[in-house]
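Peer 1: Got work.pdb for you, PDB, C-alpha atoms:
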```
MODEL        1
ATOM      1  CA  GLU Z   1     -76.240  78.455 -68.031
ATOM      2  CA  HIS Z   2     -78.204  80.738 -65.755
ATOM      3  CA  VAL Z   3     -81.525  80.795 -67.502
ATOM      4  CA  ALA Z   4     -83.226  79.151 -64.552
ATOM      5  CA  PRO Z   5     -82.380  77.843 -61.082
ATOM      6  CA  ALA Z   6     -80.022  74.864 -61.171
ATOM      7  CA  TYR Z   7     -82.617  72.208 -60.422
ATOM      8  CA  ILE Z   8     -84.705  73.261 -63.387
ATOM      9  CA  PHE Z   9     -81.641  73.456 -65.633
ATOM     10  CA  TYR Z  10     -80.468  70.013 -64.578
ATOM     11  CA  GLY Z  11     -83.751  68.267 -65.223
ATOM     12  CA  GLU Z  12     -83.899  64.727 -66.530
ATOM     13  CA  ASP Z  13     -82.940  65.484 -70.135
ATOM     14  CA  GLU Z  14     -80.029  67.744 -69.280
ATOM     15  CA  ALA Z  15     -78.855  65.332 -66.571
ATOM     16  CA  ARG Z  16     -78.869  62.445 -69.012
ATOM     17  CA  LYS Z  17     -76.989  64.451 -71.669
ATOM     18  CA  TYR Z  18     -74.470  65.592 -69.074
ATOM     19  CA  THR Z  19     -73.755  62.141 -67.749
ATOM     20  CA  GLN Z  20     -73.575  60.384 -71.097
ATOM     21  CA  ASN Z  21     -71.037  62.807 -72.519
ATOM     22  CA  THR Z  22     -67.599  61.233 -72.031
ATOM     23  CA  ARG Z  23     -65.794  64.464 -72.714
ATOM     24  CA  ILE Z  24     -67.684  66.278 -69.968
ATOM     25  CA  MET Z  25     -67.167  63.377 -67.579
ATOM     26  CA  ASN Z  26     -63.431  63.338 -68.237
ATOM     27  CA  ILE Z  27     -63.147  67.074 -67.634
ATOM     28  CA  GLN Z  28     -65.116  66.804 -64.384
ATOM     29  CA  SER Z  29     -62.933  63.889 -63.306
ATOM     30  CA  GLU Z  30     -59.706  65.752 -64.053
ATOM     31  CA  MET Z  31     -60.877  68.840 -62.207
ATOM     32  CA  THR Z  32     -61.723  66.674 -59.199
ATOM     33  CA  GLU Z  33     -58.213  65.214 -59.220
ATOM     34  CA  ARG Z  34     -56.782  68.722 -59.359
ATOM     35  CA  ALA Z  35     -59.075  69.910 -56.545
ATOM     36  CA  LEU Z  36     -57.959  66.965 -54.393
ATOM     37  CA  ASP Z  37     -54.303  67.769 -55.077
ATOM     38  CA  ILE Z  38     -54.994  71.311 -53.857
ATOM     39  CA  LEU Z  39     -57.048  70.029 -50.914
ATOM     40  CA  ALA Z  40     -54.163  67.831 -49.692
ATOM     41  CA  VAL Z  41     -55.932  66.096 -46.822
ATOM     42  CA  PRO Z  42     -55.042  62.576 -45.641
ATOM     43  CA  GLU Z  43     -56.794  59.439 -46.895
ATOM     44  CA  GLY Z  44     -59.744  58.395 -44.806
ATOM     45  CA  SER Z  45     -60.853  61.984 -44.256
ATOM     46  CA  LEU Z  46     -64.512  62.921 -44.557
ATOM     47  CA  ILE Z  47     -65.077  65.374 -47.395
ATOM     48  CA  LEU Z  48     -68.163  67.419 -48.267
ATOM     49  CA  ASP Z  49     -68.838  67.473 -52.026
ATOM     50  CA  VAL Z  50     -70.841  70.637 -52.772
ATOM     51  CA  GLY Z  51     -72.947  70.223 -55.889
ATOM     52  CA  CYS Z  52     -72.007  66.549 -56.218
ATOM     53  CA  GLY Z  53     -74.365  66.112 -59.165
ATOM     54  CA  SER Z  54     -74.295  62.683 -60.768
ATOM     55  CA  GLY Z  55     -71.435  61.393 -58.635
ATOM     56  CA  ILE Z  56     -68.508  61.831 -61.030
ATOM     57  CA  SER Z  57     -66.452  63.689 -58.418
ATOM     58  CA  GLY Z  58     -67.684  61.278 -55.751
ATOM     59  CA  GLN Z  59     -66.179  58.328 -57.569
ATOM     60  CA  VAL Z  60     -62.836  60.111 -57.773
ATOM     61  CA  LEU Z  61     -63.079  60.831 -54.033
ATOM     62  CA  GLU Z  62     -63.611  57.128 -53.412
ATOM     63  CA  GLU Z  63     -60.721  56.138 -55.683
ATOM     64  CA  ARG Z  64     -58.459  58.421 -53.690
ATOM     65  CA  GLY Z  65     -59.511  56.830 -50.402
ATOM     66  CA  TYR Z  66     -61.880  59.457 -49.016
ATOM     67  CA  GLU Z  67     -65.258  59.184 -47.371
ATOM     68  CA  TRP Z  68     -67.721  61.784 -48.539
ATOM     69  CA  VAL Z  69     -71.153  63.294 -48.281
ATOM     70  CA  GLY Z  70     -72.634  65.003 -51.322
ATOM     71  CA  ILE Z  71     -75.231  67.734 -51.572
ATOM     72  CA  ASP Z  72     -76.995  68.805 -54.753
ATOM     73  CA  ILE Z  73     -80.136  70.686 -55.690
ATOM     74  CA  ALA Z  74     -81.062  68.622 -58.766
ATOM     75  CA  PRO Z  75     -83.025  65.414 -58.115
ATOM     76  CA  ALA Z  76     -82.364  64.113 -61.628
ATOM     77  CA  MET Z  77     -78.603  64.296 -61.115
ATOM     78  CA  LEU Z  78     -78.792  62.708 -57.658
ATOM     79  CA  GLU Z  79     -80.810  59.806 -59.088
ATOM     80  CA  ILE Z  80     -77.998  59.082 -61.511
ATOM     81  CA  ALA Z  81     -75.486  59.175 -58.650
ATOM     82  CA  ALA Z  82     -77.655  56.750 -56.700
ATOM     83  CA  ASP Z  83     -77.796  54.450 -59.728
ATOM     84  CA  ARG Z  84     -73.998  54.528 -59.850
ATOM     85  CA  GLU Z  85     -74.165  53.101 -56.328
ATOM     86  CA  VAL Z  86     -71.682  55.562 -54.928
ATOM     87  CA  GLU Z  87     -70.489  55.049 -51.354
ATOM     88  CA  GLY Z  88     -71.105  58.639 -50.349
ATOM     89  CA  ASP Z  89     -74.411  59.681 -48.805
ATOM     90  CA  LEU Z  90     -76.419  62.016 -51.030
ATOM     91  CA  ILE Z  91     -78.553  64.908 -49.823
ATOM     92  CA  LYS Z  92     -80.948  66.918 -51.940
ATOM     93  CA  TRP Z  93     -80.171  70.431 -50.793
ATOM     94  CA  ASP Z  94     -79.799  74.014 -52.015
ATOM     95  CA  MET Z  95     -76.423  75.342 -50.842
ATOM     96  CA  GLY Z  96     -77.878  78.860 -50.872
ATOM     97  CA  HIS Z  97     -79.800  77.812 -47.770
ATOM     98  CA  GLY Z  98     -76.620  77.002 -45.880
ATOM     99  CA  LEU Z  99     -75.738  73.443 -44.859
ATOM    100  CA  PRO Z 100     -77.896  70.921 -42.973
ATOM    101  CA  PHE Z 101     -75.242  69.760 -40.523
ATOM    102  CA  SER Z 102     -74.846  70.118 -36.801
ATOM    103  CA  ASN Z 103     -72.278  72.744 -35.908
ATOM    104  CA  THR Z 104     -71.545  71.775 -32.314
ATOM    105  CA  LYS Z 105     -68.816  69.492 -33.572
ATOM    106  CA  GLY Z 106     -66.916  70.204 -36.775
ATOM    107  CA  CYS Z 107     -68.184  67.593 -39.186
ATOM    108  CA  PHE Z 108     -65.954  67.672 -42.229
ATOM    109  CA  ASP Z 109     -62.204  67.456 -42.651
ATOM    110  CA  GLY Z 110     -62.468  69.238 -45.982
ATOM    111  CA  ALA Z 111     -64.751  70.252 -48.824
ATOM    112  CA  ILE Z 112     -64.592  70.229 -52.598
ATOM    113  CA  SER Z 113     -66.860  71.510 -55.295
ATOM    114  CA  ILE Z 114     -66.728  70.993 -59.040
ATOM    115  CA  SER Z 115     -68.463  73.516 -61.296
ATOM    116  CA  ALA Z 116     -71.100  74.450 -58.728
ATOM    117  CA  ILE Z 117     -70.514  77.487 -56.547
ATOM    118  CA  GLN Z 118     -71.082  79.983 -59.340
ATOM    119  CA  TRP Z 119     -74.760  79.072 -58.845
ATOM    120  CA  LEU Z 120     -74.551  80.971 -55.533
ATOM    121  CA  CYS Z 121     -74.361  84.140 -57.563
ATOM    122  CA  CYS Z 122     -77.905  83.618 -58.851
ATOM    123  CA  ALA Z 123     -80.858  84.829 -56.880
ATOM    124  CA  GLU Z 124     -83.417  82.131 -56.216
ATOM    125  CA  ASN Z 125     -86.217  84.375 -57.353
ATOM    126  CA  ASN Z 126     -86.792  88.040 -58.106
ATOM    127  CA  LYS Z 127     -87.047  89.021 -54.481
ATOM    128  CA  GLN Z 128     -83.937  87.401 -53.149
ATOM    129  CA  ASN Z 129     -80.486  88.847 -52.934
ATOM    130  CA  PRO Z 130     -77.633  86.539 -54.052
ATOM    131  CA  TYR Z 131     -75.435  88.010 -51.316
ATOM    132  CA  LYS Z 132     -77.735  86.466 -48.759
ATOM    133  CA  ARG Z 133     -77.202  83.046 -50.367
ATOM    134  CA  MET Z 134     -73.432  83.416 -50.482
ATOM    135  CA  LYS Z 135     -73.327  84.553 -46.863
ATOM    136  CA  GLN Z 136     -75.504  81.687 -45.665
ATOM    137  CA  PHE Z 137     -73.361  79.156 -47.488
ATOM    138  CA  PHE Z 138     -69.949  80.388 -46.353
ATOM    139  CA  GLN Z 139     -71.159  81.029 -42.806
ATOM    140  CA  ASP Z 140     -72.440  77.475 -42.406
ATOM    141  CA  LEU Z 141     -69.468  76.006 -44.238
ATOM    142  CA  TYR Z 142     -67.071  77.640 -41.779
ATOM    143  CA  SER Z 143     -68.927  76.167 -38.831
ATOM    144  CA  VAL Z 144     -69.135  72.600 -40.167
ATOM    145  CA  LEU Z 145     -65.450  72.309 -41.003
ATOM    146  CA  ILE Z 146     -62.842  71.207 -38.477
ATOM    147  CA  LYS Z 147     -60.398  73.830 -37.266
ATOM    148  CA  GLY Z 148     -58.103  74.534 -40.179
ATOM    149  CA  GLY Z 149     -60.369  72.581 -42.531
ATOM    150  CA  ARG Z 150     -59.459  73.005 -46.200
ATOM    151  CA  CYS Z 151     -61.630  73.625 -49.248
ATOM    152  CA  ALA Z 152     -60.937  73.439 -52.972
ATOM    153  CA  PHE Z 153     -63.793  74.765 -55.094
ATOM    154  CA  GLN Z 154     -63.542  74.724 -58.882
ATOM    155  CA  PHE Z 155     -66.060  77.103 -60.423
ATOM    156  CA  TYR Z 156     -66.976  78.807 -63.705
ATOM    157  CA  PRO Z 157     -67.356  82.554 -63.128
ATOM    158  CA  GLU Z 158     -69.396  84.369 -65.761
ATOM    159  CA  THR Z 159     -67.804  87.720 -64.948
ATOM    160  CA  PRO Z 160     -64.823  89.063 -62.974
ATOM    161  CA  GLU Z 161     -67.391  90.487 -60.537
ATOM    162  CA  GLN Z 162     -68.528  86.971 -59.691
ATOM    163  CA  VAL Z 163     -64.961  86.015 -58.795
ATOM    164  CA  GLU Z 164     -64.813  89.079 -56.541
ATOM    165  CA  SER Z 165     -68.191  88.423 -54.901
ATOM    166  CA  LEU Z 166     -67.474  84.796 -54.109
ATOM    167  CA  THR Z 167     -63.975  85.450 -52.796
ATOM    168  CA  HIS Z 168     -65.192  88.430 -50.777
ATOM    169  CA  ALA Z 169     -68.105  86.498 -49.287
ATOM    170  CA  ALA Z 170     -65.788  83.694 -48.194
ATOM    171  CA  MET Z 171     -63.250  86.014 -46.582
ATOM    172  CA  LYS Z 172     -65.975  88.014 -44.879
ATOM    173  CA  ASN Z 173     -67.163  84.814 -43.182
ATOM    174  CA  GLY Z 174     -63.844  83.960 -41.627
ATOM    175  CA  PHE Z 175     -61.995  82.049 -44.308
ATOM    176  CA  THR Z 176     -58.425  82.640 -45.412
ATOM    177  CA  GLY Z 177     -57.050  81.393 -48.689
ATOM    178  CA  GLY Z 178     -56.808  82.496 -52.258
ATOM    179  CA  LEU Z 179     -57.623  82.032 -55.883
ATOM    180  CA  ILE Z 180     -55.836  79.571 -58.145
ATOM    181  CA  VAL Z 181     -56.134  79.974 -61.896
ATOM    182  CA  ASP Z 182     -54.916  77.073 -64.038
ATOM    183  CA  TYR Z 183     -53.987  77.749 -67.673
ATOM    184  CA  PRO Z 184     -54.455  81.502 -67.144
ATOM    185  CA  ASN Z 185     -53.483  82.352 -70.734
ATOM    186  CA  SER Z 186     -55.951  80.068 -72.421
ATOM    187  CA  LYS Z 187     -59.494  81.350 -72.668
ATOM    188  CA  LYS Z 188     -60.761  77.826 -73.331
ATOM    189  CA  ALA Z 189     -58.730  75.884 -70.787
ATOM    190  CA  LYS Z 190     -58.676  78.431 -67.969
ATOM    191  CA  LYS Z 191     -59.879  76.939 -64.675
ATOM    192  CA  TYR Z 192     -60.647  78.764 -61.438
ATOM    193  CA  PHE Z 193     -60.187  77.174 -58.014
ATOM    194  CA  LEU Z 194     -61.066  78.901 -54.770
ATOM    195  CA  PHE Z 195     -58.821  77.561 -52.001
ATOM    196  CA  LEU Z 196     -60.088  78.202 -48.457
ATOM    197  CA  MET Z 197     -59.076  77.388 -44.889
ATOM    198  CA  ALA Z 198     -61.443  77.607 -41.917
ATOM    199  CA  GLY Z 199     -59.107  78.968 -39.290
ATOM    200  CA  TYR Z 200     -55.620  77.610 -38.696
ATOM    201  CA  SER Z 201     -54.430  74.259 -37.397
ATOM    202  CA  GLN Z 202     -50.730  73.394 -37.422
ATOM    203  CA  ASP Z 203     -51.576  69.681 -37.624
ATOM    204  CA  VAL Z 204     -53.699  70.180 -40.724
ATOM    205  CA  VAL Z 205     -51.015  72.308 -42.390
ATOM    206  CA  ASP Z 206     -48.314  69.753 -41.531
ATOM    207  CA  ASP Z 207     -50.409  66.919 -42.985
ATOM    208  CA  ALA Z 208     -51.000  68.941 -46.155
ATOM    209  CA  ARG Z 209     -47.308  69.701 -46.593
ATOM    210  CA  LYS Z 210     -46.434  66.021 -46.211
ATOM    211  CA  LEU Z 211     -48.884  65.194 -48.985
ATOM    212  CA  ILE Z 212     -47.890  68.028 -51.299
ATOM    213  CA  TYR Z 213     -44.189  67.305 -51.107
ATOM    214  CA  LYS Z 214     -44.593  63.598 -51.588
ATOM    215  CA  SER Z 215     -43.615  62.254 -54.981
ATOM    216  CA  PRO Z 216     -46.153  60.243 -57.033
ATOM    217  CA  GLU Z 217     -43.938  57.163 -56.516
ATOM    218  CA  GLU Z 218     -44.028  57.605 -52.745
ATOM    219  CA  ARG Z 219     -47.795  57.956 -52.826
ATOM    220  CA  GLU Z 220     -48.097  54.833 -54.961
ATOM    221  CA  GLU Z 221     -45.917  52.921 -52.516
ATOM    222  CA  GLU Z 222     -48.010  54.062 -49.588
ATOM    223  CA  SER Z 223     -51.326  53.144 -51.100
ATOM    224  CA  ARG Z 224     -49.953  49.722 -52.015
ATOM    225  CA  SER Z 225     -48.932  49.107 -48.418
ATOM    226  CA  PHE Z 226     -52.521  49.848 -47.340
ATOM    227  CA  MET Z 227     -53.761  46.939 -49.414
TER     228      MET Z 227
ATOM    229  CA  MET T   1     -78.083  57.328 -45.191
ATOM    230  CA  LYS T   2     -75.357  56.032 -42.928
ATOM    231  CA  ILE T   3     -75.979  56.366 -39.198
ATOM    232  CA  LEU T   4     -72.827  58.497 -39.093
ATOM    233  CA  LEU T   5     -74.608  60.979 -41.363
ATOM    234  CA  HIS T   6     -77.734  60.918 -39.199
ATOM    235  CA  ASN T   7     -75.484  61.866 -36.290
ATOM    236  CA  MET T   8     -74.424  64.990 -38.195
ATOM    237  CA  LEU T   9     -77.721  66.069 -39.792
ATOM    238  CA  ARG T  10     -79.550  69.139 -38.549
ATOM    239  CA  CYS T  11     -82.839  70.785 -39.467
ATOM    240  CA  LYS T  12     -82.339  74.169 -41.107
ATOM    241  CA  LYS T  13     -85.927  75.392 -41.229
ATOM    242  CA  ASP T  14     -86.411  78.959 -39.952
ATOM    243  CA  SER T  15     -89.593  77.817 -38.268
ATOM    244  CA  CYS T  16     -87.761  75.106 -36.321
ATOM    245  CA  LYS T  17     -88.129  75.793 -32.626
ATOM    246  CA  THR T  18     -86.353  72.828 -31.106
ATOM    247  CA  GLY T  19     -82.860  73.504 -32.412
ATOM    248  CA  GLY T  20     -83.342  70.868 -35.061
ATOM    249  CA  TYR T  21     -80.902  68.310 -33.688
ATOM    250  CA  PRO T  22     -80.998  65.396 -33.707
ATOM    251  CA  LEU T  23     -83.497  64.386 -36.353
ATOM    252  CA  THR T  24     -85.679  61.395 -35.531
ATOM    253  CA  ILE T  25     -85.554  58.275 -37.670
ATOM    254  CA  VAL T  26     -89.265  57.501 -37.567
ATOM    255  CA  GLN T  27     -89.024  54.661 -40.050
ATOM    256  CA  ALA T  28     -86.199  52.396 -41.159
ATOM    257  CA  ASP T  29     -87.745  50.141 -43.772
ATOM    258  CA  GLU T  30     -84.605  48.826 -45.402
ATOM    259  CA  VAL T  31     -81.320  48.635 -43.533
ATOM    260  CA  GLU T  32     -77.942  47.462 -44.822
ATOM    261  CA  GLU T  33     -75.167  46.300 -42.564
ATOM    262  CA  SER T  34     -71.696  47.735 -42.974
ATOM    263  CA  GLU T  35     -69.363  45.801 -45.267
ATOM    264  CA  THR T  36     -66.216  47.358 -43.874
ATOM    265  CA  GLN T  37     -64.127  46.773 -40.784
ATOM    266  CA  GLY T  38     -63.243  49.579 -38.432
ATOM    267  CA  THR T  39     -59.873  50.355 -36.924
ATOM    268  CA  ALA T  40     -59.302  51.647 -33.410
ATOM    269  CA  LYS T  41     -57.326  54.597 -34.743
ATOM    270  CA  GLY T  42     -59.873  55.537 -37.419
ATOM    271  CA  LEU T  43     -62.775  55.149 -35.028
ATOM    272  CA  ALA T  44     -61.065  57.243 -32.352
ATOM    273  CA  LYS T  45     -60.656  60.073 -34.832
ATOM    274  CA  THR T  46     -64.222  59.820 -36.114
ATOM    275  CA  LEU T  47     -65.698  59.766 -32.622
ATOM    276  CA  GLU T  48     -63.613  62.671 -31.455
ATOM    277  CA  THR T  49     -64.146  64.813 -34.540
ATOM    278  CA  ARG T  50     -67.754  64.407 -35.500
ATOM    279  CA  VAL T  51     -69.853  62.025 -33.400
ATOM    280  CA  ASP T  52     -72.330  62.999 -30.710
ATOM    281  CA  TRP T  53     -72.058  59.909 -28.504
ATOM    282  CA  PRO T  54     -75.414  60.132 -26.648
ATOM    283  CA  VAL T  55     -77.254  60.471 -29.977
ATOM    284  CA  LEU T  56     -75.465  57.377 -31.281
ATOM    285  CA  VAL T  57     -76.329  55.421 -28.135
ATOM    286  CA  ALA T  58     -80.000  56.403 -28.499
ATOM    287  CA  VAL T  59     -80.229  55.326 -32.149
ATOM    288  CA  ALA T  60     -78.438  52.026 -31.485
ATOM    289  CA  ARG T  61     -80.926  51.363 -28.695
ATOM    290  CA  GLN T  62     -83.971  52.526 -30.696
ATOM    291  CA  PHE T  63     -83.425  49.832 -33.334
ATOM    292  CA  GLY T  64     -81.898  47.221 -31.058
ATOM    293  CA  TRP T  65     -78.577  47.245 -32.895
ATOM    294  CA  ALA T  66     -76.383  47.528 -29.805
ATOM    295  CA  GLU T  67     -76.376  48.491 -26.139
ATOM    296  CA  LEU T  68     -73.653  51.086 -25.983
ATOM    297  CA  PRO T  69     -72.365  52.518 -22.688
ATOM    298  CA  GLU T  70     -74.001  55.829 -21.687
ATOM    299  CA  GLU T  71     -70.609  57.445 -21.360
ATOM    300  CA  PHE T  72     -67.867  56.942 -23.891
ATOM    301  CA  ASP T  73     -64.654  55.523 -22.445
ATOM    302  CA  GLU T  74     -61.566  55.824 -24.648
ATOM    303  CA  GLN T  75     -60.029  52.738 -23.037
ATOM    304  CA  ARG T  76     -62.680  50.549 -24.635
ATOM    305  CA  LEU T  77     -61.208  51.248 -28.080
ATOM    306  CA  GLN T  78     -58.542  48.717 -27.141
ATOM    307  CA  GLU T  79     -61.209  46.014 -27.319
ATOM    308  CA  GLU T  80     -61.508  44.767 -30.906
ATOM    309  CA  GLU T  81     -65.134  43.701 -30.454
ATOM    310  CA  PHE T  82     -66.150  47.112 -29.140
ATOM    311  CA  VAL T  83     -64.493  48.808 -32.103
ATOM    312  CA  GLN T  84     -66.358  46.602 -34.590
ATOM    313  CA  VAL T  85     -69.708  47.040 -32.821
ATOM    314  CA  VAL T  86     -69.429  50.834 -32.818
ATOM    315  CA  HIS T  87     -68.126  50.881 -36.392
ATOM    316  CA  GLY T  88     -71.012  48.602 -37.380
ATOM    317  CA  VAL T  89     -73.573  51.046 -35.989
ATOM    318  CA  LEU T  90     -71.970  54.136 -37.524
ATOM    319  CA  TYR T  91     -71.695  52.595 -40.971
ATOM    320  CA  ARG T  92     -75.062  50.896 -40.962
ATOM    321  CA  LYS T  93     -77.122  52.273 -43.846
ATOM    322  CA  VAL T  94     -80.818  53.118 -43.708
ATOM    323  CA  VAL T  95     -81.585  52.569 -47.392
ATOM    324  CA  GLU T  96     -85.305  53.330 -47.144
ATOM    325  CA  GLY T  97     -86.881  55.244 -44.312
ATOM    326  CA  LYS T  98     -88.270  58.488 -42.921
ATOM    327  CA  LEU T  99     -86.645  61.307 -41.021
ATOM    328  CA  LYS T 100     -88.495  63.824 -38.920
ATOM    329  CA  CYS T 101     -87.442  67.008 -37.210
TER     330      CYS T 101
ENDMDL
END
```
Please lay out the structure from this file as structure tokens.
Peer 2:
Amino acid sequence: EHVAPAYIFYGEDEARKYTQNTRIMNIQSEMTERALDILAVPEGSLILDVGCGSGISGQVLEERGYEWVGIDIAPAMLEIAADREVEGDLIKWDMGHGLPFSNTKGCFDGAISISAIQWLCCAENNKQNPYKRMKQFFQDLYSVLIKGGRCAFQFYPETPEQVESLTHAAMKNGFTGGLIVDYPNSKKAKKYFLFLMAGYSQDVVDDARKLIYKSPEEREEESRSFM
Amino acid sequence: MKILLHNMLRCKKDSCKTGGYPLTIVQADEVEESETQGTAKGLAKTLETRVDWPVLVAVARQFGWAELPEEFDEQRLQEEEFVQVVHGVLYRKVVEGKLKC
């Protein structure tokens, strides 16, 4: 994957291939559902989708009743998302440069990312240090989340060192949390999720617990009563 | 870009000397009205969590969308019309336009 920066890799041809492949789309969709289960924030919350790409995760966010803002570096992917007429606002942005949001008020209730943050481990060019990119991202992320704001980031590490670097960079910039590995015994199916919290809020934790301990039937009942 | 997003956007250029907030909407060529209704509860949370009220007032005035009070008064959220006016500004979409730092 890392033969070139992400926006060159996800040019028009690659973007088209990616978004016309049903298998890929289904996997991305499922991982989004899983990330949202881990995220456990109430409906109506505003979520940042890091590396939103062609809007596959965005549509799942909308189905689950969230508002969202997406950032992505690849114009070709964002064009496809725009064509899908997603509700979320889309911003062309390199997460290695931090986040373009005001930090006087916490902006986002939570953040997700599907198959994107491993790109932080790449240097932008020969001169730049990937650690600088990771630091910038996690530093800004911490400041644009509400107190106790939760993150669920699915990513594809190339090496164990990448897992270490990303986790370390997050913790160094104030986050608590941990690593979740789904299907740990299957080389093919193994999925990594970085779960992060920006500080601690009892309200946020209480809301999350209510959601996590709710049965699917209860959730169904609740969403029906909204309509 | 929803006006709510404009309220949150900041310039991240190293060379930026003015703090980079708020950005100026220099052009709003195509604007879409909000299709949704707001609720007092939802709006209260949004305003408290992530909206800079003076910036919202300025944008609403700039484009003649609404004359909002200079200071935000929580009591006014009990007025249905006020809730819908504020919601309408926040969720108005600038479909085509230009932003400047």
Peer 1: What is the distance between CA of Val205 in chain Z and CA of Ala40 in chain Z, in Å to one decimal?
Peer 2: 9.1 Å
Peer 1: May I ask you to extract the residues of chain Z within 10 Å of chain T, using only C-alpha atoms, and to give them as a VMD selection string?
Peer 2: chain Z and resid 44 to 46 68 to 69 87 to 91 97 to 109 144 to 146
Peer 1: Separation of CA of Gln59 in chain Z and CA of Glu221 in chain Z, in Å?
Peer 2: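 According to the coordinates, CA of Gln59 in chain Z and CA of Glu221 in chain Z are separated by 21.6 Å.
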Peer 1: Just want the 9 Å neighbourhood of Ala28 in chain T, counted on all atoms listed in the file, with same-chain residues fewer than 4 positions away dropped. Output as a list in words.
Peer 2: Phe63, Val94, Val95, Glu96, Gly97, Lys98 and Leu99 of chain T
Peer 1: Could you write out that same residue set with C-alpha atoms as an mmCIF file, in the coordinates of the input?
Peer 2:
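Output below, filename out03.cif:
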```cif
data_model
loop_
_atom_site.group_PDB
_atom_site.id
_atom_site.type_symbol
_atom_site.label_atom_id
_atom_site.label_comp_id
_atom_site.auth_asym_id
_atom_site.auth_seq_id
_atom_site.Cartn_x
_atom_site.Cartn_y
_atom_site.Cartn_z
ATOM 1 C CA PHE T 63 -83.425 49.832 -33.334
ATOM 2 C CA VAL T 94 -80.818 53.118 -43.708
ATOM 3 C CA VAL T 95 -81.585 52.569 -47.392
ATOM 4 C CA GLU T 96 -85.305 53.330 -47.144
ATOM 5 C CA GLY T 97 -86.881 55.244 -44.312
ATOM 6 C CA LYS T 98 -88.270 58.488 -42.921
ATOM 7 C CA LEU T 99 -86.645 61.307 -41.021
#
```
Peer 1: So which residues fall inside 10 Å of (-76.7, 54.7, -30.9) if we count only C-alpha atoms? Mind giving them as a PyMOL selection string?
Peer 2: chain T and resi 3-4+7+52-70+86+89-90
Peer 1: Which residues, named as in the file, does the PyMOL selection byres ((chain Z and resi 175-188) around 10) pick out? Answer as a ChimeraX atom specification.
Peer 2: /Z:34,38,138-139,141-142,148-154,163,167-174,189-200
Peer 1: Can you work out the spacing between CA of Pro216 in chain Z and CA of Ile27 in chain Z in Å, to one decimal?
Peer 2: 21.2 Å
Peer 1: When you count all atoms listed in the file, which of these residues is closest to Lys132 in chain Z: Z:Ser165, Z:Glu217, Z:Pro157, Z:Ala111?
Peer 2: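 Ranked by minimum distance to Lys132 in chain Z, first place goes to Z:Ser165.
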Peer 1: Given all atoms listed in the file as the basis, pick out the residue of Z:Glu220, Z:Glu158, Z:Asp49, Z:Asp83 nearest to Gly110 in chain Z.
Peer 2: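 Ranking Z:Glu220, Z:Glu158, Z:Asp49, Z:Asp83 by distance to Gly110 in chain Z, first place goes to Z:Asp49.
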